[in-house]
Amino acid sequence: MHHDSHAQVQEKGDLAVLFVCLGNICRSPLAQGIFTAVMRERQGTYTLLIDSAGTGAWHAGSAPDPRSIDIARRHGIDISSQRARRIEEDDFDRFDLILGMDRSNVETLRSVAPRGAAGRIHLFCDVATGSGTDIPDPYYGGAEGFDAVYRMIRDAAASLADRLADPRLLSMLRSGQASSTI
Ligand code: 4NP
């Protein structure tokens, strides 16, 4: 799955980042596509595995919401080949950073994660900017909600890329030692 995002950042990376929302059709597919695009532009010295998942399985197997596909496409990013999936046990081993889009996602992740994975679960905007901002669920709103979510994710993804340029942070993240206020 998610072949587009894996292809150029490598199947097995030095750092593995998983974006998680509720349905894996609106926010986390955008985060996967945007962060992949941002990291490709930067051409860092390490390889990344970037993926996304949902805490719920209602949309498993589905393409992203058409409104997410649309807003990404208007910014030159194709997320149409992504397919939704629910987070699974294995993900808590495979990923160095497991980033919930809002507090509710983070709470769910913490409640289902095996012991030992807690240090790798963070609120996306905490890790990215330290702001503690939630990326709000746009599913029941209009297109303007997707515009706002796109901008928020784009800004946070750029900030996260800035932070990852620090090799000390990278090694902290890889060892699972990062706090929620890195
Ligand atoms: P997402 O948005 O978590 O950003 O993918 C949602 C998509 C679907 C539902 C809720 C949120 N749903 O209830 O079906």
# chains A, B, ... in the order shown; residues from 1 in each chain; ligands from 1

call {"tool": "residues_near_ligand", "arguments": {"ligand": "ligand 1", "cutoff": "6 Å", "atoms": "only C-alpha atoms and all ligand atoms", "output": "list of chain:residue names"}}
result
A:Cys21, A:Leu22, A:Gly23, A:Asn24, A:Ile25, A:Cys26, A:Arg27, A:Asp137, A:Tyr139

call {"tool": "residues_around", "arguments": {"residues": "Thr55 in chain A", "least_positions_apart": "6", "cutoff": "10 Å", "atoms": "only C-alpha atoms", "output": "tab-separated table (two decimals) with all heavy atoms, in the first residue's frame"}}
result
chain	number	residue	atom	x	y	z
A	20	VAL	N	-1.41	9.34	12.08
A	20	VAL	CA	-2.64	8.62	12.45
A	20	VAL	C	-3.78	9.59	12.71
A	20	VAL	O	-3.63	10.57	13.47
A	20	VAL	CB	-2.40	7.76	13.71
A	20	VAL	CG1	-3.66	6.99	14.09
A	20	VAL	CG2	-1.24	6.77	13.50
A	21	CYS	N	-4.93	9.32	12.08
A	21	CYS	CA	-6.17	10.05	12.42
A	21	CYS	C	-7.25	9.01	12.70
A	21	CYS	O	-6.94	7.85	12.98
A	21	CYS	CB	-6.55	11.04	11.32
A	21	CYS	SG	-6.89	10.29	9.71
A	22	LEU	N	-8.50	9.42	12.60
A	22	LEU	CA	-9.59	8.50	12.95
A	22	LEU	C	-9.90	7.54	11.80
A	22	LEU	O	-9.90	6.32	11.97
A	22	LEU	CB	-10.82	9.34	13.32
A	22	LEU	CG	-12.07	8.64	13.83
A	22	LEU	CD1	-11.78	7.81	15.06
A	22	LEU	CD2	-13.15	9.69	14.14
A	23	GLY	N	-10.15	8.10	10.62
A	23	GLY	CA	-10.60	7.26	9.51
A	23	GLY	C	-9.53	6.90	8.50
A	23	GLY	O	-9.74	6.04	7.66
A	24	ASN	N	-8.39	7.60	8.55
A	24	ASN	CA	-7.31	7.44	7.56
A	24	ASN	C	-7.80	7.74	6.13
A	24	ASN	O	-7.33	7.14	5.17
A	24	ASN	CB	-6.68	6.04	7.63
A	24	ASN	CG	-5.36	5.90	6.86
A	24	ASN	OD1	-5.03	4.81	6.40
A	24	ASN	ND2	-4.61	6.97	6.71
A	85	ARG	N	-6.15	2.12	6.08
A	85	ARG	CA	-5.99	0.91	6.89
A	85	ARG	C	-6.06	1.30	8.36
A	85	ARG	O	-5.82	2.46	8.72
A	85	ARG	CB	-4.67	0.20	6.58
A	85	ARG	CG	-3.42	0.98	7.03
A	85	ARG	CD	-2.17	0.18	6.69
A	85	ARG	NE	-0.94	0.81	7.20
A	85	ARG	CZ	-0.45	0.64	8.43
A	85	ARG	NH1	-1.10	-0.10	9.31
A	85	ARG	NH2	0.67	1.23	8.79
A	86	ARG	N	-6.40	0.32	9.17
A	86	ARG	CA	-6.41	0.55	10.61
A	86	ARG	C	-5.02	0.27	11.16
A	86	ARG	O	-4.31	-0.61	10.65
A	86	ARG	CB	-7.41	-0.39	11.27
A	86	ARG	CG	-7.54	-0.16	12.74
A	86	ARG	CD	-8.44	-1.21	13.37
A	86	ARG	NE	-9.15	-0.67	14.52
A	86	ARG	CZ	-10.24	-1.22	15.02
A	86	ARG	NH1	-10.78	-2.27	14.46
A	86	ARG	NH2	-10.81	-0.69	16.09
A	87	ILE	N	-4.64	1.03	12.20
A	87	ILE	CA	-3.34	0.77	12.83
A	87	ILE	C	-3.32	-0.65	13.37
A	87	ILE	O	-4.35	-1.17	13.81
A	87	ILE	CB	-3.05	1.81	13.94
A	87	ILE	CG1	-1.60	1.67	14.41
A	87	ILE	CG2	-4.05	1.68	15.09
A	87	ILE	CD1	-1.05	2.92	15.06
A	88	GLU	N	-2.16	-1.29	13.30
A	88	GLU	CA	-2.05	-2.67	13.80
A	88	GLU	C	-0.85	-2.78	14.75
A	88	GLU	O	0.04	-1.93	14.76
A	88	GLU	CB	-1.96	-3.66	12.64
A	88	GLU	CG	-0.84	-3.37	11.68
A	88	GLU	CD	-0.99	-4.13	10.36
A	88	GLU	OE1	-2.12	-4.42	9.95
A	88	GLU	OE2	0.05	-4.40	9.74
A	100	GLY	N	-0.37	11.33	16.21
A	100	GLY	CA	-1.81	11.53	16.15
A	100	GLY	C	-2.12	12.94	15.69
A	100	GLY	O	-1.44	13.89	16.06
A	104	SER	N	-7.64	13.28	20.63
A	104	SER	CA	-8.43	12.06	20.72
A	104	SER	C	-7.69	10.90	20.05
A	104	SER	O	-7.67	9.78	20.58
A	104	SER	CB	-9.80	12.32	20.08
A	104	SER	OG	-10.43	11.12	19.78
A	105	ASN	N	-7.07	11.15	18.92
A	105	ASN	CA	-6.27	10.12	18.25
A	105	ASN	C	-5.12	9.66	19.15
A	105	ASN	O	-4.84	8.47	19.26
A	105	ASN	CB	-5.67	10.64	16.93
A	105	ASN	CG	-6.67	11.20	15.96
A	105	ASN	OD1	-6.37	12.17	15.25
A	105	ASN	ND2	-7.87	10.64	15.91
A	106	VAL	N	-4.47	10.63	19.80
A	106	VAL	CA	-3.33	10.30	20.68
A	106	VAL	C	-3.80	9.46	21.86
A	106	VAL	O	-3.17	8.46	22.22
A	106	VAL	CB	-2.61	11.58	21.16
A	106	VAL	CG1	-1.58	11.26	22.24
A	106	VAL	CG2	-1.94	12.28	19.97
A	108	THR	N	-6.43	7.47	21.96
A	108	THR	CA	-6.74	6.12	21.47
A	108	THR	C	-5.45	5.33	21.24
A	108	THR	O	-5.35	4.17	21.64
A	108	THR	CB	-7.54	6.19	20.15
A	108	THR	OG1	-8.68	7.02	20.35
A	108	THR	CG2	-7.98	4.81	19.70
A	109	LEU	N	-4.47	5.98	20.63
A	109	LEU	CA	-3.19	5.30	20.37
A	109	LEU	C	-2.57	4.82	21.68
A	109	LEU	O	-2.11	3.68	21.78
A	109	LEU	CB	-2.22	6.23	19.64
A	109	LEU	CG	-2.52	6.47	18.16
A	109	LEU	CD1	-1.68	7.63	17.62
A	109	LEU	CD2	-2.26	5.20	17.36
A	112	VAL	N	-4.26	1.69	23.09
A	112	VAL	CA	-4.10	0.40	22.39
A	112	VAL	C	-2.64	-0.01	22.22
A	112	VAL	O	-2.36	-1.14	21.84
A	112	VAL	CB	-4.80	0.40	21.00
A	112	VAL	CG1	-6.29	0.64	21.16
A	112	VAL	CG2	-4.17	1.40	20.05
